[in-house]
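Visitor: If it helps, the file is called data.cif and holds mmCIF, C-alpha atoms and all ligand atoms:
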```
data_structure
loop_
_atom_site.label_atom_id
_atom_site.label_comp_id
_atom_site.auth_asym_id
_atom_site.auth_seq_id
_atom_site.Cartn_x
_atom_site.Cartn_y
_atom_site.Cartn_z
CA MET A 125 -21.95 0.69 3.20
CA SER A 126 -21.23 -0.65 -0.27
CA VAL A 127 -23.32 0.41 -3.26
CA ARG A 128 -24.68 -3.13 -3.33
CA LEU A 129 -25.60 -2.89 0.35
CA PHE A 130 -26.99 0.61 0.00
CA LEU A 131 -29.31 -0.61 -2.75
CA ARG A 132 -30.63 -3.30 -0.45
CA SER A 133 -30.83 -1.05 2.61
CA GLU A 134 -34.23 -0.76 4.21
CA ASN A 135 -34.28 3.04 4.12
CA PHE A 136 -33.59 3.18 0.44
CA VAL A 137 -36.18 0.56 -0.50
CA LYS A 138 -38.81 1.89 1.93
CA ARG A 139 -38.47 5.53 1.02
CA ARG A 140 -37.83 5.46 -2.67
CA GLY A 141 -38.55 2.01 -4.01
CA ASN A 142 -36.29 1.25 -6.91
CA ASN A 143 -35.63 4.83 -7.88
CA ILE A 144 -32.28 4.62 -9.58
CA SER A 145 -31.84 8.35 -10.10
CA TYR A 146 -32.41 8.97 -6.37
CA PHE A 147 -29.86 6.27 -5.69
CA CYS A 148 -27.31 7.86 -8.02
CA ARG A 149 -27.88 11.29 -6.48
CA CYS A 150 -27.37 9.88 -2.98
CA ILE A 151 -24.18 8.08 -3.93
CA HIS A 152 -22.80 11.10 -5.80
CA SER A 153 -23.50 13.40 -2.91
CA LEU A 154 -21.93 11.02 -0.40
CA VAL A 155 -18.84 10.67 -2.53
CA ARG A 156 -18.73 14.40 -3.38
CA ASN A 157 -18.89 15.29 0.30
CA MET A 158 -15.91 13.00 0.79
CA LYS A 159 -17.77 10.81 3.24
CA TYR A 160 -16.93 7.70 1.22
CA VAL A 161 -14.42 6.50 -1.31
CA LYS A 162 -15.24 3.70 -3.73
CA LEU A 163 -13.11 0.57 -3.78
CA SER A 164 -12.37 -0.50 -7.33
CA GLN A 165 -12.92 -4.26 -7.23
CA THR A 166 -16.15 -4.58 -5.25
CA GLU A 167 -17.37 -0.98 -5.63
CA ASP A 168 -17.92 -1.01 -1.87
CA LEU A 169 -18.04 2.46 -0.36
CA MET A 170 -15.44 2.86 2.36
CA PRO A 171 -16.17 5.62 4.90
CA THR A 172 -13.39 8.20 4.83
CA LEU A 173 -13.58 8.44 8.62
CA GLY A 174 -12.89 5.41 10.74
CA LEU A 175 -12.19 4.88 14.41
CA GLY A 176 -8.61 3.84 15.23
CA THR A 177 -8.30 1.45 18.15
CA TRP A 178 -4.57 0.94 18.79
CA GLN A 179 -3.67 1.41 22.47
CA ALA A 180 -7.29 1.11 23.54
CA SER A 181 -7.73 -1.62 26.14
CA PRO A 182 -10.61 -4.10 25.79
CA GLU A 183 -12.36 -2.61 28.85
CA VAL A 184 -12.30 0.88 27.38
CA ILE A 185 -12.77 0.12 23.70
CA GLU A 186 -16.03 -1.77 24.17
CA SER A 187 -17.90 1.30 25.38
CA THR A 188 -15.94 3.57 23.03
CA VAL A 189 -16.97 1.63 19.93
CA TYR A 190 -20.59 1.58 21.07
CA LYS A 191 -20.49 5.36 21.61
CA ALA A 192 -18.74 5.91 18.29
CA LEU A 193 -21.40 3.91 16.44
CA ASP A 194 -24.10 5.94 18.15
CA LEU A 195 -22.30 9.10 17.05
CA GLY A 196 -22.36 7.96 13.42
CA TYR A 197 -19.00 6.24 12.95
CA ARG A 198 -19.47 3.29 10.59
CA HIS A 199 -15.86 2.27 10.06
CA ILE A 200 -13.72 0.64 12.75
CA ASP A 201 -10.03 -0.18 12.35
CA THR A 202 -8.53 -2.93 14.48
CA ALA A 203 -5.83 -5.62 14.27
CA PHE A 204 -4.94 -8.94 15.85
CA ASN A 205 -2.02 -7.12 17.48
CA TYR A 206 -4.24 -4.60 19.29
CA ASN A 207 -5.69 -7.37 21.49
CA ASN A 208 -9.12 -5.82 21.41
CA GLU A 209 -11.00 -7.58 18.61
CA GLU A 210 -13.25 -9.45 21.01
CA ALA A 211 -14.27 -6.29 22.89
CA ILE A 212 -14.96 -4.57 19.56
CA GLY A 213 -17.03 -7.60 18.52
CA ASN A 214 -19.01 -7.32 21.78
CA ALA A 215 -19.78 -3.66 21.14
CA ILE A 216 -20.86 -4.25 17.55
CA THR A 217 -23.00 -7.26 18.49
CA LYS A 218 -24.71 -5.27 21.24
CA TRP A 219 -25.30 -2.31 18.92
CA ILE A 220 -26.88 -4.56 16.30
CA ASP A 221 -28.90 -6.54 18.89
CA ASN A 222 -30.23 -3.26 20.26
CA GLY A 223 -31.68 -2.56 16.82
CA LYS A 224 -29.43 0.42 16.08
CA GLY A 225 -28.23 -0.85 12.71
CA THR A 226 -27.13 -3.93 10.82
CA ARG A 227 -23.80 -5.52 10.04
CA LYS A 228 -24.18 -4.31 6.48
CA ASP A 229 -24.12 -0.69 7.67
CA LEU A 230 -20.59 -1.16 8.99
CA PHE A 231 -17.12 -1.26 7.48
CA ILE A 232 -14.79 -3.33 9.64
CA THR A 233 -11.05 -3.57 8.99
CA THR A 234 -8.64 -5.94 10.68
CA LYS A 235 -5.13 -7.18 9.92
CA LEU A 236 -3.11 -10.35 9.53
CA PRO A 237 -0.40 -10.14 12.21
CA HIS A 238 3.37 -10.35 11.74
CA VAL A 239 3.32 -13.76 13.47
CA GLY A 240 0.85 -15.07 10.87
CA ASN A 241 2.49 -13.60 7.80
CA ARG A 242 2.62 -16.80 5.75
CA ALA A 243 0.16 -18.57 3.43
CA SER A 244 -0.38 -21.52 5.78
CA ASP A 245 -1.51 -19.20 8.61
CA VAL A 246 -3.89 -16.86 6.81
CA LYS A 247 -7.07 -18.88 7.24
CA LYS A 248 -6.20 -19.85 10.81
CA PHE A 249 -5.76 -16.23 11.91
CA LEU A 250 -8.69 -14.92 9.93
CA ASP A 251 -11.02 -17.57 11.41
CA LEU A 252 -9.86 -16.70 14.92
CA GLN A 253 -10.24 -12.97 14.30
CA LEU A 254 -13.73 -13.38 12.84
CA LYS A 255 -14.69 -15.48 15.85
CA ARG A 256 -13.40 -12.76 18.19
CA LEU A 257 -15.16 -10.06 16.18
CA GLN A 258 -18.31 -12.21 16.13
CA MET A 259 -18.90 -11.74 12.43
CA ASP A 260 -18.94 -13.86 9.26
CA TYR A 261 -16.77 -11.52 7.19
CA VAL A 262 -14.61 -8.43 7.44
CA ASP A 263 -14.91 -5.59 4.97
CA LEU A 264 -11.15 -5.20 4.69
CA TYR A 265 -8.28 -7.52 5.62
CA LEU A 266 -4.76 -6.10 5.48
CA ILE A 267 -1.36 -7.73 5.78
CA HIS A 268 -0.28 -5.63 8.78
CA VAL A 269 3.45 -5.44 7.99
CA PRO A 270 5.54 -6.84 5.14
CA PHE A 271 7.91 -8.77 7.44
CA GLY A 272 7.16 -11.90 9.46
CA PHE A 273 8.17 -13.28 12.86
CA HIS A 274 8.16 -16.86 14.06
CA CYS A 275 5.16 -17.49 16.25
CA ASN A 276 4.90 -19.06 19.69
CA PRO A 277 1.97 -21.44 19.03
CA GLU A 278 0.76 -21.32 22.64
CA THR A 279 0.56 -17.55 23.03
CA LEU A 280 0.39 -16.49 19.34
CA THR A 281 3.08 -13.90 20.11
CA PRO A 282 6.49 -13.45 18.43
CA VAL A 283 9.39 -15.66 19.49
CA VAL A 284 12.07 -13.45 21.06
CA LYS A 285 15.65 -14.73 21.27
CA SER A 286 17.79 -14.60 24.43
CA ASN A 287 19.58 -11.46 23.14
CA GLY A 288 16.23 -9.64 22.91
CA GLU A 289 16.04 -9.84 19.11
CA TYR A 290 12.88 -11.02 17.42
CA ASP A 291 13.09 -14.39 15.70
CA LEU A 292 12.57 -13.32 12.10
CA ASP A 293 10.86 -15.60 9.61
CA MET A 294 13.24 -15.09 6.70
CA ASP A 295 10.91 -17.04 4.37
CA THR A 296 8.15 -14.42 4.29
CA ASP A 297 6.59 -14.68 0.84
CA HIS A 298 4.06 -11.99 -0.02
CA ILE A 299 2.76 -13.65 -3.17
CA SER A 300 1.71 -16.93 -1.56
CA THR A 301 0.26 -15.08 1.45
CA TRP A 302 -1.71 -12.85 -0.89
CA LYS A 303 -3.04 -15.85 -2.82
CA ALA A 304 -4.21 -17.39 0.46
CA MET A 305 -6.05 -14.13 1.19
CA GLU A 306 -7.64 -14.27 -2.26
CA GLU A 307 -8.96 -17.75 -1.38
CA CYS A 308 -10.52 -16.37 1.82
CA GLN A 309 -12.12 -13.61 -0.22
CA LYS A 310 -13.56 -16.19 -2.64
CA ALA A 311 -14.97 -18.04 0.38
CA GLY A 312 -16.83 -14.86 1.38
CA ARG A 313 -14.86 -14.25 4.58
CA ILE A 314 -13.24 -11.00 3.33
CA ARG A 315 -14.87 -8.33 1.14
CA ASN A 316 -11.71 -6.39 0.22
CA LEU A 317 -7.99 -7.11 0.41
CA GLY A 318 -5.23 -4.68 1.25
CA LEU A 319 -1.79 -4.00 2.64
CA SER A 320 -0.25 -1.96 5.40
CA ASN A 321 3.28 -0.58 5.74
CA PHE A 322 4.34 -1.99 2.34
CA ASN A 323 6.60 0.07 0.09
CA GLU A 324 6.10 0.73 -3.61
CA SER A 325 8.28 -2.11 -4.86
CA GLN A 326 6.61 -4.63 -2.54
CA ILE A 327 3.17 -3.52 -3.72
CA THR A 328 4.28 -3.70 -7.36
CA LYS A 329 5.35 -7.33 -6.95
CA ILE A 330 1.92 -8.21 -5.59
CA ILE A 331 0.13 -6.30 -8.35
CA ASN A 332 2.14 -8.18 -10.96
CA ALA A 333 1.39 -11.60 -9.51
CA CYS A 334 -2.12 -11.36 -8.13
CA THR A 335 -5.60 -12.02 -9.44
CA VAL A 336 -7.12 -9.38 -7.18
CA LYS A 337 -4.99 -6.31 -6.72
CA PRO A 338 -4.68 -4.54 -3.37
CA GLN A 339 -7.65 -2.22 -2.82
CA VAL A 340 -6.29 -0.26 0.13
CA LEU A 341 -2.88 0.67 1.51
CA GLN A 342 -2.79 1.72 5.15
CA VAL A 343 0.33 3.70 6.02
CA GLU A 344 1.53 6.36 8.42
CA LEU A 345 0.39 9.68 6.96
CA HIS A 346 -0.02 13.10 8.54
CA ALA A 347 0.91 16.71 7.90
CA TYR A 348 4.57 16.07 8.82
CA PHE A 349 4.78 12.93 6.69
CA GLN A 350 2.58 13.41 3.66
CA GLN A 351 3.88 10.53 1.50
CA LEU A 352 3.18 12.28 -1.81
CA ASP A 353 5.10 9.84 -4.04
CA LEU A 354 3.50 6.77 -2.49
CA ARG A 355 0.07 8.39 -2.77
CA LYS A 356 0.62 9.16 -6.46
CA PHE A 357 1.64 5.53 -7.03
CA CYS A 358 -1.51 4.34 -5.22
CA SER A 359 -3.73 6.70 -7.16
CA ASP A 360 -2.22 5.41 -10.44
CA HIS A 361 -3.16 1.88 -9.37
CA ASP A 362 -6.63 2.68 -7.99
CA ILE A 363 -5.50 1.89 -4.46
CA VAL A 364 -7.22 3.86 -1.70
CA VAL A 365 -4.82 5.21 0.92
CA THR A 366 -5.71 5.12 4.60
CA ALA A 367 -3.76 7.42 6.91
CA TYR A 368 -2.78 5.97 10.24
CA ALA A 369 -1.57 8.35 12.95
CA PRO A 370 -3.40 11.19 11.12
CA LEU A 371 -2.98 13.48 14.16
CA GLY A 372 0.68 12.53 14.55
CA SER A 373 -0.20 9.87 17.14
CA PRO A 374 0.17 12.02 20.28
CA GLY A 375 -0.41 8.90 22.39
CA ALA A 376 2.53 7.06 20.83
CA LYS A 377 4.99 9.27 22.68
CA ASP A 378 4.25 7.90 26.17
CA HIS A 379 4.04 4.39 24.79
CA PHE A 380 7.43 4.49 23.04
CA VAL A 381 9.16 6.45 25.79
CA ASN A 382 7.92 4.16 28.59
CA LYS A 383 8.10 0.83 26.79
CA TYR A 384 11.10 1.27 24.50
CA ASN A 385 13.09 4.14 26.09
CA TYR A 386 12.68 6.45 23.09
CA SER A 387 13.64 10.07 23.61
CA PRO A 388 10.54 12.18 24.39
CA ASP A 389 12.01 15.18 22.52
CA ALA A 390 11.87 13.35 19.20
CA PHE A 391 8.08 13.24 19.00
CA PRO A 392 6.21 15.80 16.91
CA ASP A 393 3.45 18.08 18.14
CA ILE A 394 1.55 18.60 14.92
CA LEU A 395 -1.59 19.65 16.79
CA GLY A 396 0.44 22.53 18.23
CA HIS A 397 1.88 23.73 14.90
CA PRO A 398 1.18 27.49 14.49
CA ASP A 399 -0.05 27.19 10.87
CA VAL A 400 -2.47 24.42 11.81
CA ASN A 401 -3.75 26.54 14.70
CA GLU A 402 -4.19 29.67 12.60
CA ILE A 403 -6.11 27.78 9.95
CA ALA A 404 -8.23 26.18 12.67
CA GLN A 405 -9.08 29.58 14.12
CA ALA A 406 -10.05 30.93 10.72
CA HIS A 407 -12.61 28.15 10.32
CA GLN A 408 -13.64 28.03 14.00
CA LYS A 409 -12.48 24.46 14.04
CA THR A 410 -9.88 22.64 16.14
CA PRO A 411 -6.34 21.73 14.99
CA ALA A 412 -7.37 18.05 14.92
CA GLN A 413 -10.30 18.83 12.62
CA VAL A 414 -8.02 20.76 10.26
CA LEU A 415 -5.48 17.91 10.11
CA LEU A 416 -8.22 15.36 9.38
CA ARG A 417 -10.04 17.56 6.88
CA TYR A 418 -6.77 18.23 5.05
CA LEU A 419 -6.38 14.51 4.34
CA VAL A 420 -10.03 13.66 3.68
CA GLN A 421 -10.23 16.52 1.21
CA GLN A 422 -7.47 14.75 -0.74
CA LYS A 423 -9.45 11.48 -0.74
CA VAL A 424 -7.32 9.96 1.99
CA VAL A 425 -9.21 7.85 4.55
CA VAL A 426 -8.44 8.79 8.17
CA ILE A 427 -8.71 6.61 11.26
CA PRO A 428 -8.04 8.84 14.29
CA LYS A 429 -8.11 7.00 17.58
CA SER A 430 -9.87 8.44 20.59
CA THR A 431 -11.58 7.00 23.61
CA SER A 432 -12.98 10.36 24.72
CA GLU A 433 -16.58 11.09 23.72
CA LYS A 434 -15.79 14.75 23.21
CA ARG A 435 -12.95 13.96 20.81
CA LEU A 436 -14.93 11.28 19.00
CA LYS A 437 -17.49 13.97 18.21
CA GLU A 438 -14.83 16.52 17.34
CA ASN A 439 -12.99 14.15 14.99
CA SER A 440 -16.17 13.27 13.13
CA ASP A 441 -17.25 16.87 12.61
CA ILE A 442 -15.08 17.49 9.54
CA TYR A 443 -17.50 17.44 6.63
CA ASP A 444 -19.00 20.93 6.90
CA PHE A 445 -15.99 23.01 5.90
CA GLU A 446 -13.34 23.09 3.23
CA LEU A 447 -9.75 24.28 3.23
CA GLY A 448 -8.97 26.75 0.46
CA PRO A 449 -5.99 26.43 -1.93
CA VAL A 450 -3.85 28.87 0.08
CA GLU A 451 -4.46 26.89 3.28
CA VAL A 452 -3.79 23.62 1.48
CA ASN A 453 -0.48 25.02 0.20
CA ARG A 454 0.46 26.17 3.67
CA LEU A 455 -0.14 22.69 5.06
CA LYS A 456 1.76 21.09 2.18
CA LYS A 457 4.80 23.09 3.24
CA ILE A 458 4.97 21.62 6.74
CA ASP A 459 5.73 18.17 5.31
CA GLN A 460 9.08 16.91 6.61
CA GLY A 461 9.35 13.96 4.26
CA GLU A 462 11.06 10.86 5.65
CA GLU A 463 12.15 12.90 8.71
CA GLY A 464 8.51 13.09 9.72
CA ARG A 465 8.07 9.33 10.06
CA ILE A 466 7.19 8.17 13.58
CA PHE A 467 6.64 4.44 13.06
CA ASN A 468 9.72 2.60 11.79
CA PHE A 469 9.14 -0.58 13.86
CA LEU A 470 12.75 -0.61 15.06
CA PHE A 471 11.32 -1.16 18.54
CA TRP A 472 11.09 -4.80 17.42
CA LYS A 473 14.78 -5.45 17.94
CA GLY A 474 16.49 -6.81 14.82
CA VAL A 475 13.53 -6.23 12.48
CA GLU A 476 15.66 -4.21 10.07
CA ASN A 477 17.51 -7.45 9.21
CA HIS A 478 14.39 -8.95 7.70
CA PRO A 479 14.62 -9.09 3.88
CA GLU A 480 11.20 -7.43 3.63
CA TYR A 481 11.86 -4.59 6.10
CA PRO A 482 10.16 -1.82 4.11
CA PHE A 483 11.76 1.48 5.14
CA LYS A 484 15.05 3.26 4.53
CA LEU A 485 17.15 3.31 7.67
CA GLY A 486 18.78 6.36 9.15
CA SER A 487 15.75 8.59 9.48
CA ALA A 488 12.77 8.79 11.77
CA ILE A 489 12.45 8.54 15.50
CA ASN A 490 14.22 6.01 17.68
P1 LIG B 1 -3.74 9.28 16.04
O1 LIG B 1 -5.09 8.81 15.68
O2 LIG B 1 -3.04 10.24 15.17
O3 LIG B 1 -3.74 9.89 17.50
C1 LIG B 1 -4.41 9.27 18.55
C2 LIG B 1 -4.04 10.04 19.82
O4 LIG B 1 -4.51 11.38 19.70
C3 LIG B 1 -4.63 9.47 21.07
O5 LIG B 1 -3.67 9.62 22.08
C4 LIG B 1 -5.83 10.35 21.33
O6 LIG B 1 -6.07 10.46 22.72
C5 LIG B 1 -5.41 11.69 20.77
N1 LIG B 1 -6.51 12.43 20.15
C6 LIG B 1 -7.55 11.92 19.44
N2 LIG B 1 -8.35 12.90 19.00
C7 LIG B 1 -7.81 14.06 19.44
C8 LIG B 1 -8.19 15.40 19.30
N3 LIG B 1 -9.27 15.74 18.63
N4 LIG B 1 -7.41 16.36 19.87
C9 LIG B 1 -6.28 16.01 20.57
N5 LIG B 1 -5.89 14.73 20.73
C10 LIG B 1 -6.63 13.76 20.17
O7 LIG B 1 -2.73 8.05 16.20
P2 LIG B 1 -2.82 6.46 16.23
O8 LIG B 1 -3.80 5.97 17.21
O9 LIG B 1 -1.42 6.00 16.36
O10 LIG B 1 -3.34 6.09 14.76
C11 LIG B 1 -4.69 5.95 14.45
C12 LIG B 1 -5.06 4.50 14.21
O11 LIG B 1 -4.33 3.99 13.10
C13 LIG B 1 -4.67 3.55 15.33
O12 LIG B 1 -5.49 3.69 16.46
C14 LIG B 1 -4.76 2.24 14.61
O13 LIG B 1 -6.11 1.84 14.46
C15 LIG B 1 -4.13 2.59 13.26
N6 LIG B 1 -2.66 2.33 13.22
C16 LIG B 1 -2.21 1.42 12.31
C17 LIG B 1 -0.86 1.11 12.25
C18 LIG B 1 -0.39 0.11 11.25
O14 LIG B 1 0.77 -0.34 11.36
N7 LIG B 1 -1.19 -0.25 10.28
C19 LIG B 1 0.05 1.77 13.09
C20 LIG B 1 -0.43 2.72 13.99
C21 LIG B 1 -1.78 3.00 14.03
P3 LIG B 1 -7.52 10.11 23.40
O15 LIG B 1 -7.82 8.67 23.09
O16 LIG B 1 -7.26 10.38 24.83
O17 LIG B 1 -8.49 11.07 22.77
#
```
Represent the supplied structure as structure tokens.
Ligand code: NAP
Guide:
Amino acid sequence: MSVRLFLRSENFVKRRGNNISYFCRCIHSLVRNMKYVKLSQTEDLMPTLGLGTWQASPEVIESTVYKALDLGYRHIDTAFNYNNEEAIGNAITKWIDNGKGTRKDLFITTKLPHVGNRASDVKKFLDLQLKRLQMDYVDLYLIHVPFGFHCNPETLTPVVKSNGEYDLDMDTDHISTWKAMEECQKAGRIRNLGLSNFNESQITKIINACTVKPQVLQVELHAYFQQLDLRKFCSDHDIVVTAYAPLGSPGAKDHFVNKYNYSPDAFPDILGHPDVNEIAQAHQKTPAQVLLRYLVQQKVVVIPKSTSEKRLKENSDIYDFELGPVEVNRLKKIDQGEEGRIFNFLFWKGVENHPEYPFKLGSAIN
């Protein structure tokens, strides 16, 4: 909930009238407990825990999102590419219709897909996504990846050439796409604008040309790939970092092995790392809780995906303990730098030939 929305919220007004000092205390304690981070442009409060929804089918995600909202999740991360926006919209609509909360209590993120990564497509995709999500605005809209593919207009999927390579849109232009997003924000369809999978130099170009600078950067980030330089850059520019794959994406292994013939041996098992397990035991927490707490404690937003009720609960129970400096140092040391990257997008054959392909080649899994 943003500060603005919190001020208007029924509970606040009912219980305390216009008591500004109560309001300030509430906000400070929420931020101090790391439950929220403040976005610089709108001052919206973004929950530091969100529900990831990649690889969750529409049938499963509808009940999962409903359960997650009941369990206290208020931040949901989706994307056009996950093919589940409509099911997520159904769950949210039902939850609101059942009187459990209001739209303003929620923080919903979705993303402009690679096939729509051009100024002329921003409004078209956003309108479609909002229709699927059954809402008038999203709290955060991200450009999903810095590169673009040509789009099959019938299926809204990438055009793939006869040799299996993706048909790259070599004219991808971040500045004009960003300006189109700014227009959608002015029209009230997006609260906050952000990027995903962009590198430092790509973000810098946008910062130098934009009216509204990126508020959030969503990137792969976990104990094996801690992205310290990129995080420092973001902190210097007041950009909140969201960690995707915060548990090391254990589910990605089957997906990449089965769909793209990746080697199963290459995938990390961060949840099984002995240091993570020892620290977990010391706090009577699970390895997943330690990995999530480690990031949240450093003001990184986490969006672990789970469709299991038990794990939804487990992943949200991370605000009642703190890792000490020795533990933090121990976890810092398991960083593998670029070697720890899981998502390099090379499964989209030929993507590395796009002028905006963001990563250095030669490392990471494939
Ligand atoms: P993740 O959240 O690190 O891991 C999810 C996997 O871990 C699932 O297989 C899940 O299985 C399992 N899991 C969840 N909680 C667990 C626990 N407590 N203990 C053991 N296993 C647990 O990886 P991710 O889904 O790849 O990333 C998170 C979210 O980030 C995505 O869902 C998506 O929303 C976003 N994302 C964004 C991008 C991007 O390009 N911007 C890329 C990738 C992901 P169960 O469901 O069976 O619990």
Visitor: May I ask for the distance between CA of Arg315 (chain A) and CA of Asp168 (chain A), given in Å to one decimal place?
Guide: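 Computing it gives 8.5 Å between the two atoms.
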Visitor: Determine, counting all atoms listed in the file, which protein, DNA and RNA residues have an atom within 9 Å of an atom of Asp293 (chain A); residues of the same chain fewer than 5 positions away are not included. Present the result as a PyMOL selection string.
Guide: chain A and resi 239+241+271-275+478
Visitor: How would the residues just picked look written out with C-alpha atoms as a PDB file, in the frame of the given file?
Guide:
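Result went into again25.pdb, see below:
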```pdb
ATOM      1  CA  VAL A 239       3.320 -13.760  13.470  1.00  0.00           C
ATOM      2  CA  ASN A 241       2.490 -13.600   7.800  1.00  0.00           C
ATOM      3  CA  PHE A 271       7.910  -8.770   7.440  1.00  0.00           C
ATOM      4  CA  GLY A 272       7.160 -11.900   9.460  1.00  0.00           C
ATOM      5  CA  PHE A 273       8.170 -13.280  12.860  1.00  0.00           C
ATOM      6  CA  HIS A 274       8.160 -16.860  14.060  1.00  0.00           C
ATOM      7  CA  CYS A 275       5.160 -17.490  16.250  1.00  0.00           C
ATOM      8  CA  HIS A 478      14.390  -8.950   7.700  1.00  0.00           C
TER       9      HIS A 478
END
```
Visitor: For ligand LIG 1 (chain B), return the neighbouring residues as a VMD selection string (distance at most 8 Å; all atoms listed in the file).
Guide: chain A and resid 175 to 180 200 to 203 235 268 to 269 320 to 321 342 to 344 346 367 to 376 395 410 to 413 426 to 432 435 to 436 438 to 439 467
Visitor: Please, what distance in Å, to one decimal, runs between CA of Asp245 (chain A) and CA of Asn205 (chain A)?
Guide: 15.0 Å
Visitor: For Tyr265 (chain A), which residue out of A:Thr296, A:Thr226, A:Ser387, A:Asn316 is the nearest one, using all atoms listed in the file?
Guide: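 Ranked by minimum distance to Tyr265 (chain A), first place goes to A:Asn316.
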Visitor: Name the residues in contact with Met305 (chain A) at a cut-off of 12 Å, using all atoms listed in the file, excluding same-chain residues fewer than 2 positions from it; report them as a PyMOL selection string.
Guide: chain A and resi 235-236+240-251+264-267+298-303+307-319+334-338
Visitor: Around (-20.2, 6.1, 15.7) in the file's frame, which residues reach within 10 Å when counting all atoms listed in the file? Return as a PDB file with C-alpha atoms, in the coordinates of the input?
Guide:
```pdb
ATOM      1  CA  LEU A 173     -13.580   8.440   8.620  1.00  0.00           C
ATOM      2  CA  GLY A 174     -12.890   5.410  10.740  1.00  0.00           C
ATOM      3  CA  LEU A 175     -12.190   4.880  14.410  1.00  0.00           C
ATOM      4  CA  THR A 188     -15.940   3.570  23.030  1.00  0.00           C
ATOM      5  CA  VAL A 189     -16.970   1.630  19.930  1.00  0.00           C
ATOM      6  CA  TYR A 190     -20.590   1.580  21.070  1.00  0.00           C
ATOM      7  CA  LYS A 191     -20.490   5.360  21.610  1.00  0.00           C
ATOM      8  CA  ALA A 192     -18.740   5.910  18.290  1.00  0.00           C
ATOM      9  CA  LEU A 193     -21.400   3.910  16.440  1.00  0.00           C
ATOM     10  CA  ASP A 194     -24.100   5.940  18.150  1.00  0.00           C
ATOM     11  CA  LEU A 195     -22.300   9.100  17.050  1.00  0.00           C
ATOM     12  CA  GLY A 196     -22.360   7.960  13.420  1.00  0.00           C
ATOM     13  CA  TYR A 197     -19.000   6.240  12.950  1.00  0.00           C
ATOM     14  CA  ARG A 198     -19.470   3.290  10.590  1.00  0.00           C
ATOM     15  CA  HIS A 199     -15.860   2.270  10.060  1.00  0.00           C
ATOM     16  CA  ILE A 200     -13.720   0.640  12.750  1.00  0.00           C
ATOM     17  CA  LEU A 230     -20.590  -1.160   8.990  1.00  0.00           C
ATOM     18  CA  LEU A 436     -14.930  11.280  19.000  1.00  0.00           C
ATOM     19  CA  LYS A 437     -17.490  13.970  18.210  1.00  0.00           C
ATOM     20  CA  SER A 440     -16.170  13.270  13.130  1.00  0.00           C
TER      21      SER A 440
END
```
Visitor: For a cutoff of 10 Å around the file-coordinate point (10.9, 7.1, 25.9), which residues qualify once you count all atoms listed in the file? I'd like the result as a VMD selection string.
Guide: chain A and resid 376 to 391 490
Visitor: Which one is closest to Gln422 (chain A): A:Ala406, A:Val161, A:Ala215, A:Val450? Count only C-alpha atoms.
Guide: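 Closest candidate: A:Val161.
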Visitor: Of the residues A:Ala211, A:Leu455, A:Val420, A:Leu254, which is the one nearest to Tyr443 (chain A), using all atoms listed in the file?
Guide: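 Among A:Ala211, A:Leu455, A:Val420, A:Leu254, it is A:Val420 that comes nearest to Tyr443 (chain A).
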Visitor: By how many Å are CA of Ser325 (chain A) and CA of Asp297 (chain A) apart?
Guide: 13.9 Å
Visitor: Of the candidates A:Ala347, A:Arg417, A:Ile403, A:Cys358, which shows the shortest atom-to-atom distance to Lys457 (chain A), using all atoms listed in the file?
Guide: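 Between A:Ala347, A:Arg417, A:Ile403, A:Cys358, the residue approaching Lys457 (chain A) most closely is A:Ala347.
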